[in-house]
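What follows is the content of protein31.txt (compact mmCIF, C-alpha atoms).
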```
# COMPACT_ATOMS: atom_id res chain seq x y z
CA MET I 1 9.36 7.05 17.71
CA LEU I 2 12.74 8.42 16.62
CA ARG I 3 14.14 4.88 16.64
CA ILE I 4 11.33 3.74 14.31
CA MET I 5 11.88 6.72 12.02
CA LYS I 6 15.61 5.87 11.87
CA GLU I 7 14.64 2.33 10.85
CA ASP I 8 12.42 3.81 8.12
CA LEU I 9 15.40 5.77 6.82
CA ASP I 10 17.73 2.77 7.01
CA VAL I 11 15.31 0.53 5.08
CA VAL I 12 15.23 3.07 2.24
CA VAL I 13 19.04 2.90 1.99
CA ALA I 14 18.98 -0.90 2.22
CA GLN I 15 16.24 -1.54 -0.35
CA ASP I 16 16.48 1.28 -2.86
CA PRO I 17 19.65 0.91 -4.96
CA SER I 18 19.36 4.52 -6.15
CA MET I 19 19.87 5.76 -2.57
CA ARG I 20 23.51 5.44 -1.59
CA ASN I 21 23.39 6.90 1.91
CA ARG I 22 21.06 8.34 4.55
CA ARG I 23 21.44 11.88 3.27
CA GLU I 24 20.15 10.87 -0.17
CA ALA I 25 17.45 8.71 1.44
CA LEU I 26 16.05 11.80 3.16
CA LEU I 27 14.85 12.84 -0.31
CA HIS I 28 13.04 9.55 -0.97
CA ALA I 29 9.56 10.34 -2.27
CA ALA I 30 7.54 8.23 0.17
CA LEU I 31 9.56 8.80 3.35
CA PRO I 32 7.80 12.06 4.32
CA ALA I 33 4.42 10.34 3.95
CA LEU I 34 5.53 7.49 6.18
CA TRP I 35 6.93 9.82 8.83
CA ALA I 36 3.84 12.04 8.70
CA HIS I 37 1.75 8.91 9.22
CA ARG I 38 3.79 7.89 12.26
CA VAL I 39 2.96 11.25 13.87
CA ALA I 40 -0.67 11.34 12.67
CA HIS I 41 -1.32 7.80 13.91
CA ARG I 42 -0.20 8.68 17.43
CA LEU I 43 -2.45 11.73 17.45
CA HIS I 44 -5.34 9.69 16.05
CA ARG I 45 -4.95 7.12 18.86
CA ARG I 46 -5.00 9.93 21.43
CA GLY I 47 -8.33 11.21 20.10
CA MET I 48 -6.92 14.17 18.19
CA ARG I 49 -8.57 13.02 14.98
CA MET I 50 -8.88 16.38 13.22
CA THR I 51 -5.21 17.23 13.75
CA ALA I 52 -4.24 13.75 12.58
CA GLN I 53 -6.43 14.11 9.48
CA LEU I 54 -4.88 17.49 8.72
CA ILE I 55 -1.36 16.00 8.85
CA ALA I 56 -2.44 13.11 6.61
CA TRP I 57 -4.08 15.52 4.18
CA GLN I 58 -0.94 17.64 3.95
CA ALA I 59 1.22 14.55 3.45
CA ARG I 60 -1.06 13.38 0.65
CA ARG I 61 -0.89 16.78 -1.06
CA LYS I 62 2.90 16.77 -0.92
CA THR I 63 3.66 13.11 -1.66
CA SER I 64 0.58 11.58 -3.39
CA VAL I 65 0.62 8.85 -0.73
CA GLU I 66 -2.62 8.57 1.23
CA ILE I 67 -2.39 6.76 4.55
CA HIS I 68 -5.35 7.14 6.89
CA PRO I 69 -4.20 8.08 10.41
CA GLY I 70 -6.12 5.09 11.79
CA ALA I 71 -4.11 2.57 9.75
CA VAL I 72 -1.50 0.60 11.66
CA LEU I 73 1.90 0.33 9.98
CA GLY I 74 4.60 -1.97 11.29
CA ARG I 75 8.32 -1.38 11.46
CA ARG I 76 10.58 -1.08 8.44
CA VAL I 77 7.71 -0.67 5.97
CA PHE I 78 9.22 0.31 2.63
CA ILE I 79 7.03 2.25 0.20
CA ASP I 80 8.97 2.32 -3.06
CA HIS I 81 8.27 5.34 -5.30
CA GLY I 82 5.11 6.04 -3.33
CA ALA I 83 2.96 7.58 -6.04
CA ALA I 84 -0.74 6.79 -5.64
CA VAL I 85 -0.43 4.43 -2.66
CA VAL I 86 -3.67 4.31 -0.64
CA ILE I 87 -3.96 2.65 2.78
CA GLY I 88 -7.38 2.70 4.46
CA GLU I 89 -8.38 3.43 8.04
CA THR I 90 -8.65 -0.11 9.44
CA ALA I 91 -5.73 -1.57 7.46
CA VAL I 92 -2.92 -3.24 9.37
CA VAL I 93 0.50 -3.61 7.71
CA GLY I 94 3.07 -5.87 9.34
CA ASP I 95 6.82 -5.46 9.74
CA ASP I 96 9.25 -5.55 6.80
CA VAL I 97 6.54 -5.10 4.15
CA THR I 98 7.43 -3.70 0.72
CA ILE I 99 4.75 -1.65 -1.04
CA TYR I 100 5.27 -0.48 -4.62
CA HIS I 101 3.54 2.46 -6.27
CA GLN I 102 -0.20 2.52 -6.99
CA VAL I 103 -0.98 -0.12 -4.35
CA THR I 104 -4.41 0.12 -2.72
CA LEU I 105 -5.27 -1.45 0.63
CA GLY I 106 -8.91 -0.45 0.50
CA ALA I 107 -12.44 -1.25 1.51
CA VAL I 108 -15.06 -2.91 -0.67
CA GLY I 109 -17.25 0.19 -0.94
CA TRP I 110 -19.63 2.35 1.07
CA TRP I 111 -22.66 0.31 -0.05
CA SER I 112 -21.24 -2.65 1.82
CA ASP I 113 -19.16 -0.99 4.52
CA ASN I 114 -21.95 1.22 5.85
CA LYS I 115 -23.82 -1.97 6.81
CA ARG I 116 -20.95 -3.23 8.97
CA PRO I 117 -21.14 -2.72 12.73
CA ALA I 118 -19.21 0.29 14.03
CA GLY I 119 -15.56 -0.52 14.62
CA GLU I 120 -15.57 -3.62 12.42
CA ARG I 121 -12.57 -4.00 10.13
CA ARG I 122 -13.13 -2.85 6.52
CA HIS I 123 -9.58 -3.03 5.19
CA PRO I 124 -6.90 -5.71 4.76
CA VAL I 125 -4.43 -7.07 7.26
CA VAL I 126 -1.02 -7.62 5.66
CA GLY I 127 1.35 -9.99 7.43
CA HIS I 128 5.08 -9.59 7.98
CA ASN I 129 7.52 -9.76 5.05
CA VAL I 130 4.88 -9.36 2.34
CA VAL I 131 5.59 -7.76 -1.05
CA LEU I 132 2.77 -5.83 -2.74
CA GLY I 133 3.61 -5.29 -6.41
CA THR I 134 2.88 -2.23 -8.52
CA ASN I 135 -0.84 -1.47 -8.88
CA ALA I 136 -1.85 -4.39 -6.66
CA THR I 137 -5.30 -3.88 -5.17
CA VAL I 138 -6.33 -5.62 -1.94
CA LEU I 139 -9.95 -4.95 -0.98
CA GLY I 140 -12.02 -5.71 2.08
CA PRO I 141 -11.31 -7.30 5.45
CA VAL I 142 -9.03 -9.97 4.01
CA THR I 143 -5.78 -11.29 5.47
CA ILE I 144 -2.54 -11.58 3.51
CA GLY I 145 -0.35 -14.20 5.18
CA GLU I 146 3.29 -13.66 6.05
CA HIS I 147 5.88 -13.92 3.25
CA ALA I 148 3.20 -13.74 0.54
CA VAL I 149 3.85 -11.93 -2.72
CA ILE I 150 1.02 -10.05 -4.40
CA GLY I 151 2.12 -9.48 -7.98
CA ALA I 152 1.75 -6.36 -10.07
CA GLN I 153 -1.84 -5.58 -11.10
CA ALA I 154 -3.27 -8.39 -8.97
CA LEU I 155 -6.74 -7.88 -7.51
CA VAL I 156 -7.18 -9.64 -4.17
CA ASN I 157 -10.52 -9.92 -2.37
CA LYS I 158 -9.99 -13.25 -0.58
CA ASP I 159 -7.57 -14.34 2.13
CA VAL I 160 -4.07 -15.29 0.92
CA PRO I 161 -2.22 -18.02 2.83
CA PRO I 162 1.33 -17.45 4.12
CA GLY I 163 4.01 -17.81 1.47
CA ALA I 164 1.53 -17.78 -1.44
CA ARG I 165 2.09 -16.00 -4.74
CA VAL I 166 -0.83 -14.11 -6.28
CA LEU I 167 -0.19 -13.18 -9.89
CA ALA I 168 -2.29 -11.23 -12.37
CA ALA I 169 -2.69 -12.30 -15.97
CA THR I 170 0.18 -11.16 -18.14
CA ALA I 171 0.10 -9.54 -21.57
CA VAL I 172 -0.40 -11.72 -24.61
CA ILE I 173 2.22 -11.13 -27.32
CA LYS I 174 0.90 -11.26 -30.87
CA ALA I 175 3.05 -11.41 -33.98
CA VAL I 176 2.93 -8.36 -36.23
CA GLY I 177 -0.28 -8.41 -38.26
CA GLU I 178 -1.87 -11.25 -36.26
CA GLN I 179 -5.36 -10.43 -34.99
CA PRO I 180 -6.69 -11.66 -31.65
CA GLN I 181 -9.25 -14.41 -31.84
CA PRO I 182 -12.66 -13.74 -30.23
CA MET I 183 -12.69 -14.70 -26.56
CA GLU I 184 -9.08 -15.88 -26.87
CA ASP I 185 -8.04 -13.99 -23.78
CA LEU I 186 -10.94 -11.89 -22.57
CA TYR I 187 -8.93 -10.38 -19.74
CA ALA I 188 -6.10 -9.19 -22.00
CA VAL I 189 -8.44 -7.91 -24.72
CA THR I 190 -10.62 -6.03 -22.23
CA ALA I 191 -7.67 -4.54 -20.39
CA SER I 192 -5.99 -3.41 -23.58
CA ALA I 193 -9.25 -1.79 -24.73
CA GLY I 194 -8.85 0.67 -21.86
CA SER I 195 -12.06 -0.27 -20.08
CA TRP I 196 -10.33 -0.49 -16.71
```

What does the file become when written as structure tokens?
Amino acid sequence: MLRIMKEDLDVVVAQDPSMRNRREALLHAALPALWAHRVAHRLHRRGMRMTAQLIAWQARRKTSVEIHPGAVLGRRVFIDHGAAVVIGETAVVGDDVTIYHQVTLGAVGWWSDNKRPAGERRHPVVGHNVVLGTNATVLGPVTIGEHAVIGAQALVNKDVPPGARVLAATAVIKAVGEQPQPMEDLYAVTASAGSW
């Protein structure tokens, strides 16, 4: 486990340009959450679920990163910034995955998940070398193929093939004084109205 934790530290230095060495990387916001998860996951697998949950709860309070102890995280996972990242119980994250802030790897909802057989997967599987952009939301037992990029603000509820790019709609720029036309871009108008 110490070797994996060293890799976690090294990936922060390698991928975060604001961290110039390992000593600085020790203060990276998401690193304590990742290390707490590594410990909690081992305890969870050994049947010490309450202790694992307590460690995860403390990590969430301190870092605002919520990783369920049952989630499986690969090697060299890089959580940049960390704020508001949520990774559900049956999620699987591959090696060399980059996760930006406000990413959710969640379930569809209790109304659907409570009907699933016990032990069935409710959360996403993320392949190796995937990038999950800021505020990306991946819901349900979907699979994100290796080397895929899920763009900022993208909502994914279907499988994504390897190497694919999933991009959310971008903002529409209007000239000063120009009014939007009805139904011109329903997504942009609705999002900017704050109804999300």

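Of the listed residues (I:Thr90, I:Ala169, I:Trp111, I:Val97), I:Thr90 comes nearest to Val142 of chain I; the distances count only C-alpha atoms.
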
Interface rows for segment 70-123 of chain I against segment 15-39 of chain I: nearest pair, Å to one decimal, 9 Å, only C-alpha atoms, as a Markdown table:
```
| residue | atom | partner | partner_atom | distance |
| --- | --- | --- | --- | --- |
| I:Ala71 | CA | I:His37 | CA | 8.6 |
| I:Leu73 | CA | I:Arg38 | CA | 8.1 |
| I:Val77 | CA | I:Leu34 | CA | 8.4 |
| I:Phe78 | CA | I:Gln15 | CA | 7.8 |
| I:Ile79 | CA | I:Ala30 | CA | 6.0 |
| I:Asp80 | CA | I:Ala30 | CA | 6.9 |
| I:His81 | CA | I:Ala29 | CA | 6.0 |
| I:Gly82 | CA | I:Ala30 | CA | 4.8 |
| I:Ala83 | CA | I:Ala30 | CA | 7.7 |
```

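Distances to Leu2 of chain I were evaluated for I:Glu89, I:Asp95, I:Arg75, I:Gly119 using all atoms listed in the file, and the minimum falls at I:Arg75.
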
Taking all atoms listed in the file into account, name the residue in I:Ser112, I:Val160, I:Tyr100, I:Ala152 that is nearest to Gly127 of chain I.
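Looking only at the distances to Gly127 of chain I, the closest residue turns out to be I:Val160.
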
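For the pair atom CA of Ala107 of chain I and atom CA of Leu139 of chain I, the separation is 5.1 Å.
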
Expressed in Å to a single decimal, how great is the separation between atom CA of Pro162 of chain I and atom CA of Gly70 of chain I?
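Distance between the two atoms: 24.9 Å.
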
Subject >> Distance of atom CA of Ala59 of chain I from atom CA of Ile150 of chain I, expressed in Å to one decimal place >> reply: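 Calculated distance between atom CA of Ile150 of chain I and atom CA of Ala59 of chain I is 25.8 Å.
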
Pick from I:His68, I:Arg76, I:Arg49, I:His41: nearest to Ala14 of chain I, with only C-alpha atoms counted?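 Among the listed residues, the smallest separation from Ala14 of chain I belongs to I:Arg76.
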
inquiry  = Taking all atoms listed in the file into account, name the residue in I:Val108, I:Val103, I:Val156, I:Val92 that is nearest to Thr134 of chain I.
reply    =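 The shortest atom-to-atom distance to Thr134 of chain I comes from I:Val103.
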
Write out as a list of chain:residue names each polymer residue whose atoms come within 7 Å of Ile67 of chain I, counting all atoms listed in the file; drop sequence neighbours fewer than 6 positions from it.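 The residues that qualify are I:His37, I:Ala56, I:Val86, I:Ile87, I:Gly88.
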
Could you give me, as a PDB file with C-alpha atoms, keeping the file's coordinate frame, the residues within 6 Å of Ala52 of chain I, counting only C-alpha atoms and dropping anything in the same chain fewer than 3 positions from it?
```pdb
ATOM      1  CA  ALA I  40      -0.670  11.340  12.670  1.00  0.00           C
ATOM      2  CA  LEU I  43      -2.450  11.730  17.450  1.00  0.00           C
ATOM      3  CA  HIS I  44      -5.340   9.690  16.050  1.00  0.00           C
ATOM      4  CA  ARG I  49      -8.570  13.020  14.980  1.00  0.00           C
ATOM      5  CA  ILE I  55      -1.360  16.000   8.850  1.00  0.00           C
TER       6      ILE I  55
END
```

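You can rank I:Thr104, I:Asn114, I:Thr98, I:Thr170 by their closest distance to His147 of chain I using all atoms listed in the file, and at the top of that list sits I:Thr98.
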
| task | Determine, counting all atoms listed in the file, every residue of protein, DNA or RNA that lies within 8 Å of (-4.7, -17.5, 4.8) in the file coordinates, then give the result as a ChimeraX atom specification. | result | /I:143-145,159-162
